[in-house]
file structure-v3.pdb (PDB, C-alpha atoms, pLDDT in the B column)
ATOM      1  CA  THR M   1     -55.220 -19.805 -14.045  1.00 77.00           C
ATOM      2  CA  LEU M   2     -57.284 -21.547 -11.381  1.00 79.00           C
ATOM      3  CA  VAL M   3     -54.802 -20.588  -8.677  1.00 78.00           C
ATOM      4  CA  ASN M   4     -54.887 -16.987  -9.898  1.00 77.00           C
ATOM      5  CA  TRP M   5     -58.710 -16.950  -9.827  1.00 81.00           C
ATOM      6  CA  LEU M   6     -58.736 -18.440  -6.332  1.00 80.00           C
ATOM      7  CA  ARG M   7     -56.260 -15.823  -5.135  1.00 78.00           C
ATOM      8  CA  GLU M   8     -58.186 -12.926  -6.711  1.00 80.00           C
ATOM      9  CA  ASP M   9     -61.735 -14.067  -5.855  1.00 83.00           C
ATOM     10  CA  HIS M  10     -60.994 -15.006  -2.254  1.00 82.00           C
ATOM     11  CA  ALA M  11     -58.234 -12.544  -1.365  1.00 78.00           C
ATOM     12  CA  LYS M  12     -60.242 -11.045   1.508  1.00 82.00           C
ATOM     13  CA  SER M  13     -61.186 -14.380   3.081  1.00 86.00           C
ATOM     14  CA  LEU M  14     -57.747 -16.059   2.833  1.00 82.00           C
ATOM     15  CA  THR M  15     -55.041 -15.605   5.423  1.00 84.00           C
ATOM     16  CA  THR M  16     -51.731 -13.978   4.488  1.00 83.00           C
ATOM     17  CA  GLU M  17     -50.067 -17.385   4.779  1.00 85.00           C
ATOM     18  CA  ALA M  18     -52.634 -18.967   2.413  1.00 83.00           C
ATOM     19  CA  LEU M  19     -52.091 -16.162  -0.124  1.00 80.00           C
ATOM     20  CA  GLU M  20     -48.316 -16.688   0.064  1.00 80.00           C
ATOM     21  CA  PHE M  21     -48.795 -20.415  -0.590  1.00 79.00           C
ATOM     22  CA  LEU M  22     -50.951 -19.650  -3.624  1.00 80.00           C
ATOM     23  CA  ILE M  23     -48.257 -17.323  -4.974  1.00 76.00           C
ATOM     24  CA  LYS M  24     -45.653 -20.083  -4.482  1.00 79.00           C
ATOM     25  CA  ILE M  25     -47.901 -22.613  -6.255  1.00 78.00           C
ATOM     26  CA  GLU M  26     -48.368 -20.207  -9.162  1.00 77.00           C
ATOM     27  CA  ASP M  27     -44.602 -19.647  -9.381  1.00 72.00           C
ATOM     28  CA  GLN M  28     -43.888 -23.404  -9.414  1.00 71.00           C
ATOM     29  CA  VAL M  29     -46.524 -24.009 -12.108  1.00 71.00           C
ATOM     30  CA  GLU M  30     -44.908 -21.310 -14.277  1.00 69.00           C
ATOM     31  CA  LYS M  31     -41.490 -22.967 -13.839  1.00 62.00           C
ATOM     32  CA  MET M  32     -42.951 -26.362 -14.750  1.00 64.00           C
ATOM     33  CA  ASP M  33     -44.617 -24.843 -17.819  1.00 64.00           C
ATOM     34  CA  ALA M  34     -41.295 -23.318 -18.937  1.00 58.00           C
ATOM     35  CA  LEU M  35     -39.541 -26.640 -18.428  1.00 54.00           C
ATOM     36  CA  ILE M  36     -42.152 -28.602 -20.392  1.00 60.00           C
ATOM     37  CA  SER M  37     -42.054 -26.027 -23.205  1.00 61.00           C
ATOM     38  CA  GLY M  38     -38.261 -26.268 -23.280  1.00 52.00           C
ATOM     39  CA  ILE M  39     -38.330 -30.061 -23.421  1.00 56.00           C
ATOM     40  CA  LEU M  40     -40.857 -29.968 -26.273  1.00 60.00           C
ATOM     41  CA  GLU M  41     -38.746 -27.435 -28.196  1.00 62.00           C
ATOM     42  CA  TYR M  42     -35.636 -29.552 -27.690  1.00 52.00           C
ATOM     43  CA  ALA M  43     -37.385 -32.767 -28.740  1.00 57.00           C
ATOM     44  CA  SER M  44     -38.925 -31.230 -31.841  1.00 59.00           C
ATOM     45  CA  ILE M  45     -35.920 -29.311 -33.225  1.00 62.00           C
ATOM     46  CA  ASP M  46     -34.892 -32.039 -35.656  1.00 62.00           C
ATOM     47  CA  LYS M  47     -38.360 -33.602 -36.011  1.00 61.00           C
ATOM     48  CA  VAL M  48     -40.387 -30.645 -37.251  1.00 58.00           C
ATOM     49  CA  LEU M  49     -40.295 -30.594 -41.017  1.00 58.00           C
ATOM     50  CA  SER M  50     -40.852 -27.176 -42.443  1.00 66.00           C
ATOM     51  CA  GLU M  51     -39.817 -25.581 -45.668  1.00 75.00           C
ATOM     52  CA  GLU M  52     -36.238 -24.465 -45.898  1.00 85.00           C
ATOM     53  CA  LYS M  53     -35.946 -21.214 -47.789  1.00 92.00           C
ATOM     54  CA  PRO M  54     -33.521 -18.297 -48.134  1.00 95.00           C
ATOM     55  CA  ILE M  55     -33.449 -16.309 -44.887  1.00 94.00           C
ATOM     56  CA  LYS M  56     -31.990 -12.844 -44.451  1.00 97.00           C
ATOM     57  CA  LEU M  57     -30.272 -13.329 -41.115  1.00 97.00           C
ATOM     58  CA  ASN M  58     -30.086  -9.601 -40.353  1.00 97.00           C
ATOM     59  CA  SER M  59     -33.902  -9.461 -40.535  1.00 96.00           C
ATOM     60  CA  LEU M  60     -34.258 -12.650 -38.511  1.00 95.00           C
ATOM     61  CA  VAL M  61     -31.976 -11.334 -35.748  1.00 97.00           C
ATOM     62  CA  GLN M  62     -33.905  -8.037 -35.659  1.00 96.00           C
ATOM     63  CA  ASN M  63     -37.129 -10.050 -35.244  1.00 93.00           C
ATOM     64  CA  VAL M  64     -35.530 -11.988 -32.380  1.00 94.00           C
ATOM     65  CA  LEU M  65     -34.395  -8.757 -30.719  1.00 95.00           C
ATOM     66  CA  SER M  66     -37.875  -7.240 -30.989  1.00 91.00           C
ATOM     67  CA  SER M  67     -39.450 -10.358 -29.436  1.00 89.00           C
ATOM     68  CA  ILE M  68     -37.275 -10.481 -26.305  1.00 89.00           C
ATOM     69  CA  ASN M  69     -36.655  -8.041 -23.494  1.00 86.00           C
ATOM     70  CA  VAL M  70     -33.350  -6.278 -24.166  1.00 92.00           C
ATOM     71  CA  PRO M  71     -32.609  -4.009 -21.178  1.00 93.00           C
ATOM     72  CA  THR M  72     -31.926  -0.357 -22.012  1.00 93.00           C
ATOM     73  CA  GLU M  73     -28.416  -0.612 -20.528  1.00 95.00           C
ATOM     74  CA  VAL M  74     -27.485  -3.360 -23.034  1.00 96.00           C
ATOM     75  CA  THR M  75     -26.331  -2.375 -26.522  1.00 95.00           C
ATOM     76  CA  VAL M  76     -26.628  -5.001 -29.256  1.00 96.00           C
ATOM     77  CA  SER M  77     -24.652  -4.446 -32.452  1.00 97.00           C
ATOM     78  CA  VAL M  78     -25.240  -6.692 -35.435  1.00 97.00           C
ATOM     79  CA  GLY M  79     -22.746  -6.907 -38.279  1.00 97.00           C
ATOM     80  CA  VAL M  80     -23.540  -7.872 -41.854  1.00 97.00           C
ATOM     81  CA  LEU M  81     -25.016 -11.366 -41.794  1.00 97.00           C
ATOM     82  CA  PRO M  82     -25.528 -13.603 -44.834  1.00 97.00           C
ATOM     83  CA  ILE M  83     -28.630 -14.989 -46.465  1.00 96.00           C
ATOM     84  CA  ILE M  84     -28.765 -18.742 -45.922  1.00 95.00           C
ATOM     85  CA  VAL M  85     -31.187 -21.489 -46.878  1.00 93.00           C
ATOM     86  CA  ALA M  86     -32.638 -22.994 -43.711  1.00 92.00           C
ATOM     87  CA  ASP M  87     -35.718 -23.369 -41.534  1.00 88.00           C
ATOM     88  CA  SER M  88     -36.507 -19.972 -39.979  1.00 87.00           C
ATOM     89  CA  PHE M  89     -37.948 -21.532 -36.784  1.00 85.00           C
ATOM     90  CA  LYS M  90     -34.729 -23.424 -36.088  1.00 88.00           C
ATOM     91  CA  LEU M  91     -32.598 -20.348 -36.682  1.00 92.00           C
ATOM     92  CA  MET M  92     -34.871 -18.195 -34.505  1.00 90.00           C
ATOM     93  CA  GLN M  93     -34.364 -20.730 -31.691  1.00 88.00           C
ATOM     94  CA  LEU M  94     -30.605 -20.690 -32.257  1.00 93.00           C
ATOM     95  CA  PHE M  95     -30.167 -16.912 -32.153  1.00 96.00           C
ATOM     96  CA  GLN M  96     -32.786 -16.343 -29.459  1.00 93.00           C
ATOM     97  CA  ASN M  97     -31.155 -18.764 -27.013  1.00 91.00           C
ATOM     98  CA  LEU M  98     -27.670 -17.333 -27.561  1.00 94.00           C
ATOM     99  CA  ILE M  99     -28.828 -13.707 -27.282  1.00 95.00           C
ATOM    100  CA  VAL M 100     -30.955 -14.357 -24.172  1.00 92.00           C
ATOM    101  CA  ASN M 101     -27.970 -16.117 -22.540  1.00 90.00           C
ATOM    102  CA  ALA M 102     -25.698 -13.203 -23.419  1.00 93.00           C
ATOM    103  CA  ILE M 103     -28.147 -10.719 -21.879  1.00 94.00           C
ATOM    104  CA  ALA M 104     -28.511 -12.849 -18.730  1.00 90.00           C
ATOM    105  CA  SER M 105     -24.728 -13.030 -18.265  1.00 88.00           C
ATOM    106  CA  ILE M 106     -24.171  -9.270 -18.258  1.00 92.00           C
ATOM    107  CA  ASP M 107     -23.296  -8.021 -14.808  1.00 91.00           C
ATOM    108  CA  LYS M 108     -21.919  -4.607 -15.776  1.00 91.00           C
ATOM    109  CA  GLU M 109     -23.665  -1.210 -15.736  1.00 92.00           C
ATOM    110  CA  GLN M 110     -23.321  -1.009 -19.519  1.00 94.00           C
ATOM    111  CA  GLY M 111     -23.750  -4.264 -21.373  1.00 94.00           C
ATOM    112  CA  SER M 112     -22.501  -4.957 -24.861  1.00 96.00           C
ATOM    113  CA  ILE M 113     -23.410  -7.773 -27.245  1.00 97.00           C
ATOM    114  CA  LYS M 114     -21.847  -8.099 -30.690  1.00 98.00           C
ATOM    115  CA  ILE M 115     -23.089 -10.442 -33.402  1.00 98.00           C
ATOM    116  CA  THR M 116     -20.764 -10.997 -36.362  1.00 98.00           C
ATOM    117  CA  CYS M 117     -20.138 -13.425 -39.181  1.00 97.00           C
ATOM    118  CA  ARG M 118     -17.277 -14.353 -41.492  1.00 97.00           C
ATOM    119  CA  GLU M 119     -16.732 -16.851 -44.304  1.00 95.00           C
ATOM    120  CA  VAL M 120     -14.597 -19.915 -43.570  1.00 93.00           C
ATOM    121  CA  LEU M 121     -14.319 -22.262 -46.566  1.00 90.00           C
ATOM    122  CA  ASP M 122     -17.735 -23.993 -46.976  1.00 92.00           C
ATOM    123  CA  PHE M 123     -19.150 -22.490 -43.769  1.00 94.00           C
ATOM    124  CA  TRP M 124     -20.330 -19.260 -42.268  1.00 96.00           C
ATOM    125  CA  GLU M 125     -18.749 -18.732 -38.855  1.00 97.00           C
ATOM    126  CA  PHE M 126     -20.902 -16.680 -36.483  1.00 98.00           C
ATOM    127  CA  SER M 127     -19.935 -15.159 -33.160  1.00 97.00           C
ATOM    128  CA  ILE M 128     -22.055 -13.716 -30.371  1.00 97.00           C
ATOM    129  CA  SER M 129     -19.924 -11.882 -27.805  1.00 96.00           C
ATOM    130  CA  ASP M 130     -20.870 -10.281 -24.518  1.00 96.00           C
ATOM    131  CA  ASN M 131     -19.041  -8.371 -21.807  1.00 96.00           C
ATOM    132  CA  GLY M 132     -20.676 -10.392 -19.030  1.00 93.00           C
ATOM    133  CA  LYS M 133     -19.359 -12.397 -16.128  1.00 91.00           C
ATOM    134  CA  GLY M 134     -17.755 -15.125 -18.231  1.00 88.00           C
ATOM    135  CA  ILE M 135     -17.716 -18.896 -17.804  1.00 84.00           C
ATOM    136  CA  LYS M 136     -15.149 -21.119 -16.104  1.00 80.00           C
ATOM    137  CA  LYS M 137     -13.324 -23.396 -18.543  1.00 78.00           C
ATOM    138  CA  ASP M 138     -14.492 -26.457 -16.549  1.00 70.00           C
ATOM    139  CA  TYR M 139     -18.046 -25.782 -17.758  1.00 65.00           C
ATOM    140  CA  PHE M 140     -17.369 -25.273 -21.479  1.00 61.00           C
ATOM    141  CA  LYS M 141     -18.668 -28.719 -22.522  1.00 68.00           C
ATOM    142  CA  LYS M 142     -21.150 -29.248 -19.704  1.00 67.00           C
ATOM    143  CA  ILE M 143     -23.297 -26.223 -20.595  1.00 73.00           C
ATOM    144  CA  PHE M 144     -24.365 -27.776 -23.923  1.00 61.00           C
ATOM    145  CA  GLU M 145     -25.935 -30.766 -22.135  1.00 66.00           C
ATOM    146  CA  VAL M 146     -29.676 -30.863 -21.411  1.00 50.00           C
ATOM    147  CA  PHE M 147     -30.713 -29.500 -17.972  1.00 45.00           C
ATOM    148  CA  GLN M 148     -27.241 -28.161 -17.181  1.00 49.00           C
ATOM    149  CA  LYS M 149     -27.119 -24.684 -15.661  1.00 45.00           C
ATOM    150  CA  LEU M 150     -24.199 -22.662 -14.362  1.00 49.00           C
ATOM    151  CA  GLU M 151     -26.243 -21.090 -11.601  1.00 50.00           C
ATOM    152  CA  HIS M 152     -29.290 -22.151  -9.657  1.00 46.00           C
ATOM    153  CA  ASP M 153     -31.558 -19.617 -11.311  1.00 47.00           C
ATOM    154  CA  ALA M 154     -35.156 -20.726 -10.845  1.00 47.00           C
ATOM    155  CA  HIS M 155     -36.207 -18.906 -14.027  1.00 48.00           C
ATOM    156  CA  THR M 156     -33.991 -20.912 -16.384  1.00 47.00           C
ATOM    157  CA  THR M 157     -34.473 -24.471 -17.581  1.00 47.00           C
ATOM    158  CA  GLY M 158     -30.965 -25.526 -18.652  1.00 56.00           C
ATOM    159  CA  ILE M 159     -32.254 -26.421 -22.118  1.00 71.00           C
ATOM    160  CA  GLY M 160     -31.353 -23.342 -24.209  1.00 73.00           C
ATOM    161  CA  LEU M 161     -27.763 -24.200 -25.086  1.00 84.00           C
ATOM    162  CA  SER M 162     -28.635 -27.834 -25.781  1.00 84.00           C
ATOM    163  CA  ILE M 163     -31.152 -26.507 -28.331  1.00 85.00           C
ATOM    164  CA  VAL M 164     -28.370 -24.363 -29.823  1.00 89.00           C
ATOM    165  CA  LYS M 165     -26.122 -27.419 -30.147  1.00 91.00           C
ATOM    166  CA  LYS M 166     -28.914 -29.496 -31.670  1.00 89.00           C
ATOM    167  CA  VAL M 167     -29.774 -26.849 -34.288  1.00 90.00           C
ATOM    168  CA  VAL M 168     -26.124 -26.339 -35.231  1.00 92.00           C
ATOM    169  CA  SER M 169     -25.603 -30.122 -35.487  1.00 90.00           C
ATOM    170  CA  HIS M 170     -28.733 -30.384 -37.663  1.00 88.00           C
ATOM    171  CA  TYR M 171     -26.979 -28.108 -40.169  1.00 90.00           C
ATOM    172  CA  ASN M 172     -23.661 -30.028 -39.907  1.00 91.00           C
ATOM    173  CA  GLY M 173     -21.988 -27.217 -38.024  1.00 94.00           C
ATOM    174  CA  THR M 174     -20.081 -26.985 -34.778  1.00 93.00           C
ATOM    175  CA  VAL M 175     -20.488 -24.794 -31.709  1.00 93.00           C
ATOM    176  CA  TRP M 176     -17.865 -23.737 -29.168  1.00 93.00           C
ATOM    177  CA  LEU M 177     -16.988 -20.863 -26.901  1.00 91.00           C
ATOM    178  CA  GLU M 178     -14.179 -18.757 -25.546  1.00 92.00           C
ATOM    179  CA  SER M 179     -14.578 -17.030 -22.232  1.00 91.00           C
ATOM    180  CA  GLU M 180     -12.689 -15.137 -19.583  1.00 91.00           C
ATOM    181  CA  GLU M 181     -14.187 -14.717 -16.147  1.00 90.00           C
ATOM    182  CA  ASN M 182     -15.319 -11.158 -15.365  1.00 89.00           C
ATOM    183  CA  LYS M 183     -14.610 -10.085 -18.962  1.00 92.00           C
ATOM    184  CA  GLY M 184     -17.116 -11.901 -21.128  1.00 94.00           C
ATOM    185  CA  THR M 185     -17.895 -14.814 -23.410  1.00 93.00           C
ATOM    186  CA  THR M 186     -17.995 -15.405 -27.142  1.00 95.00           C
ATOM    187  CA  PHE M 187     -20.068 -18.259 -28.534  1.00 94.00           C
ATOM    188  CA  TYR M 188     -19.060 -19.373 -32.019  1.00 96.00           C
ATOM    189  CA  PHE M 189     -20.992 -21.612 -34.364  1.00 96.00           C
ATOM    190  CA  THR M 190     -20.754 -22.605 -37.997  1.00 96.00           C
ATOM    191  CA  LEU M 191     -23.474 -23.252 -40.549  1.00 94.00           C
ATOM    192  CA  ARG M 192     -22.905 -24.664 -44.033  1.00 89.00           C
ATOM    193  CA  LYS M 193     -23.238 -22.225 -46.915  1.00 88.00           C
TER     194      LYS M 193
END
call {"tool": "encode", "arguments": {"input": "structure-v3.pdb", "output": "structure tokens"}}
result
Amino acid sequence: TLVNWLREDHAKSLTTEALEFLIKIEDQVEKMDALISGILEYASIDKVLSEEKPIKLNSLVQNVLSSINVPTEVTVSVGVLPIIVADSFKLMQLFQNLIVNAIASIDKEQGSIKITCREVLDFWEFSISDNGKGIKKDYFKKIFEVFQKLEHDAHTTGIGLSIVKKVVSHYNGTVWLESEENKGTTFYFTLRK
């Protein structure tokens, strides 16, 4: 905020170079803020104790979709999802991170994301598929580690998929993916019924 005030209040008296430096400082502070927020979210996923209650996952996913920026060229279809007993904050984090990653991976003119679920014994098995650029098999395990990113995108923290893994593990589930380069990726995860 202080950098922004300085830039706005003294725009006429600062040189172009000084203004560019202030913009760079502001950008770096925003990245640091995102990183700190991500670390705090990751650290608190299994520490925050909140009431677990029945959650209509179709409603939760719609809330996630309305809270993030889904580009107009990306279509998101959501199948019939179950009602499960869990912490809504944890599940919001889970779906939000997977959906945001799916959106970010789309490199086609028309993007498609499909969210489905099926019953498998004592678990619900969810899938979130996209028609994006895909992921090399070498990175399948690495991407679930903290601070690991596939690309050097300055706007990502490398924490999102580690949060996904932590939430799924909290509910005794597993998470994995299938992917084909230039065709897309499907993330799967299970949650106990």
call {"tool": "resolve_selection", "arguments": {"input": "structure-v3.pdb", "expression": "the PyMOL selection byres ((chain M and resi 16-22) around 9)", "output": "JSON, numbers by chain"}}
result
{"M": [3, 4, 6, 7, 11, 14, 15, 23, 24, 25, 26, 27]}
call {"tool": "resolve_selection", "arguments": {"input": "structure-v3.pdb", "expression": "the PyMOL selection byres ((chain M and resi 133) around 9)", "output": "MDAnalysis selection string"}}
result
chainID M and resid 105:108 130:132 134:135 180:185
call {"tool": "atom_distance", "arguments": {"input": "structure-v3.pdb", "atom1": "atom CA of M:Thr116", "atom2": "atom CA of M:Ser129"}}
result
8.6 Å
call {"tool": "axis_aligned_box", "arguments": {"input": "structure-v3.pdb", "around": "stretch 113-119 of chain M", "padding_each_side": "3 Å", "output": "AutoDock Vina command-line options"}}
result
--center_x -20.1 --center_y -12.3 --center_z -35.8 --size_x 12.7 --size_y 15.1 --size_z 23.1
call {"tool": "resolve_selection", "arguments": {"input": "structure-v3.pdb", "expression": "the PyMOL selection byres ((chain M and resi 117) around 8)", "output": "VMD selection string"}}
result
chain M and resid 79 to 82 115 to 116 118 to 119 124 to 127
call {"tool": "residues_around", "arguments": {"input": "structure-v3.pdb", "residues": "stretch 50-66 of chain M", "least_positions_apart": "5", "cutoff": "8 Å", "atoms": "only C-alpha atoms", "output": "number ranges by chain"}}
result
M: 78, 80-88, 92, 95-96
call {"tool": "atom_distance", "arguments": {"input": "structure-v3.pdb", "atom1": "atom CA of M:Val76", "atom2": "atom CA of M:Leu98"}}
result
12.5 Å
call {"tool": "atom_distance", "arguments": {"input": "structure-v3.pdb", "atom1": "atom CA of M:Ser112", "atom2": "atom CA of M:Ile68"}}
result
15.8 Å
call {"tool": "closest_residue", "arguments": {"input": "structure-v3.pdb", "among": "M:Glu73, M:Gln28, M:Thr186, M:Leu94", "to": "M:Val164", "atoms": "all atoms listed in the file"}}
result
M:Leu94
call {"tool": "closest_residue", "arguments": {"input": "structure-v3.pdb", "among": "M:Val175, M:Leu191, M:Val167, M:Val70", "to": "M:Ile99", "atoms": "only C-alpha atoms"}}
result
M:Val70
call {"tool": "closest_residue", "arguments": {"input": "structure-v3.pdb", "among": "M:Tyr188, M:Glu178, M:Ile159, M:Val168", "to": "M:Leu91", "atoms": "only C-alpha atoms"}}
result
M:Val168
call {"tool": "closest_residue", "arguments": {"input": "structure-v3.pdb", "among": "M:Leu121, M:Ala104, M:Ile143, M:Ile113", "to": "M:Arg192", "atoms": "all atoms listed in the file"}}
result
M:Leu121
call {"tool": "closest_residue", "arguments": {"input": "structure-v3.pdb", "among": "M:Thr1, M:Ser13, M:Asn97, M:Thr72", "to": "M:Ser162", "atoms": "all atoms listed in the file"}}
result
M:Asn97
call {"tool": "decode", "arguments": {"input": "structure-v3.pdb", "residues": "stretch 173-185 of chain M", "atoms": "N, CA, C and O atoms", "output": "PDB file, in the first residue's frame"}}
result
ATOM      1  N   GLY M 173      -7.624 -40.609   2.090  1.00  0.00           N
ATOM      2  CA  GLY M 173      -7.775 -40.908   0.675  1.00  0.00           C
ATOM      3  C   GLY M 173      -6.433 -40.894  -0.030  1.00  0.00           C
ATOM      4  O   GLY M 173      -5.388 -40.725   0.594  1.00  0.00           O
ATOM      5  N   THR M 174      -6.473 -41.088  -1.326  1.00  0.00           N
ATOM      6  CA  THR M 174      -5.271 -41.035  -2.144  1.00  0.00           C
ATOM      7  C   THR M 174      -5.519 -40.104  -3.327  1.00  0.00           C
ATOM      8  O   THR M 174      -6.664 -39.876  -3.714  1.00  0.00           O
ATOM      9  N   VAL M 175      -4.445 -39.577  -3.880  1.00  0.00           N
ATOM     10  CA  VAL M 175      -4.538 -38.694  -5.037  1.00  0.00           C
ATOM     11  C   VAL M 175      -3.507 -39.134  -6.068  1.00  0.00           C
ATOM     12  O   VAL M 175      -2.400 -39.529  -5.713  1.00  0.00           O
ATOM     13  N   TRP M 176      -3.891 -39.120  -7.339  1.00  0.00           N
ATOM     14  CA  TRP M 176      -2.994 -39.494  -8.418  1.00  0.00           C
ATOM     15  C   TRP M 176      -3.476 -38.833  -9.699  1.00  0.00           C
ATOM     16  O   TRP M 176      -4.513 -38.177  -9.720  1.00  0.00           O
ATOM     17  N   LEU M 177      -2.718 -39.005 -10.756  1.00  0.00           N
ATOM     18  CA  LEU M 177      -3.114 -38.393 -12.016  1.00  0.00           C
ATOM     19  C   LEU M 177      -2.745 -39.255 -13.194  1.00  0.00           C
ATOM     20  O   LEU M 177      -1.887 -40.125 -13.102  1.00  0.00           O
ATOM     21  N   GLU M 178      -3.438 -39.001 -14.294  1.00  0.00           N
ATOM     22  CA  GLU M 178      -3.109 -39.559 -15.594  1.00  0.00           C
ATOM     23  C   GLU M 178      -3.020 -38.377 -16.532  1.00  0.00           C
ATOM     24  O   GLU M 178      -3.819 -37.443 -16.429  1.00  0.00           O
ATOM     25  N   SER M 179      -2.049 -38.396 -17.421  1.00  0.00           N
ATOM     26  CA  SER M 179      -1.888 -37.256 -18.301  1.00  0.00           C
ATOM     27  C   SER M 179      -1.213 -37.669 -19.598  1.00  0.00           C
ATOM     28  O   SER M 179      -0.424 -38.610 -19.628  1.00  0.00           O
ATOM     29  N   GLU M 180      -1.568 -36.956 -20.647  1.00  0.00           N
ATOM     30  CA  GLU M 180      -0.927 -37.137 -21.939  1.00  0.00           C
ATOM     31  C   GLU M 180      -0.594 -35.753 -22.465  1.00  0.00           C
ATOM     32  O   GLU M 180      -1.474 -34.878 -22.541  1.00  0.00           O
ATOM     33  N   GLU M 181       0.669 -35.551 -22.789  1.00  0.00           N
ATOM     34  CA  GLU M 181       1.092 -34.235 -23.254  1.00  0.00           C
ATOM     35  C   GLU M 181       0.295 -33.798 -24.476  1.00  0.00           C
ATOM     36  O   GLU M 181       0.000 -34.591 -25.355  1.00  0.00           O
ATOM     37  N   ASN M 182      -0.085 -32.526 -24.467  1.00  0.00           N
ATOM     38  CA  ASN M 182      -0.867 -31.879 -25.527  1.00  0.00           C
ATOM     39  C   ASN M 182      -2.311 -32.363 -25.617  1.00  0.00           C
ATOM     40  O   ASN M 182      -3.041 -31.934 -26.496  1.00  0.00           O
ATOM     41  N   LYS M 183      -2.726 -33.253 -24.718  1.00  0.00           N
ATOM     42  CA  LYS M 183      -4.111 -33.738 -24.751  1.00  0.00           C
ATOM     43  C   LYS M 183      -4.868 -33.431 -23.469  1.00  0.00           C
ATOM     44  O   LYS M 183      -6.071 -33.247 -23.486  1.00  0.00           O
ATOM     45  N   GLY M 184      -4.182 -33.427 -22.344  1.00  0.00           N
ATOM     46  CA  GLY M 184      -4.859 -33.099 -21.104  1.00  0.00           C
ATOM     47  C   GLY M 184      -4.444 -33.961 -19.931  1.00  0.00           C
ATOM     48  O   GLY M 184      -3.623 -34.873 -20.056  1.00  0.00           O
ATOM     49  N   THR M 185      -5.043 -33.646 -18.789  1.00  0.00           N
ATOM     50  CA  THR M 185      -4.709 -34.302 -17.522  1.00  0.00           C
ATOM     51  C   THR M 185      -5.992 -34.602 -16.760  1.00  0.00           C
ATOM     52  O   THR M 185      -6.944 -33.828 -16.802  1.00  0.00           O
TER      53      THR M 185
END
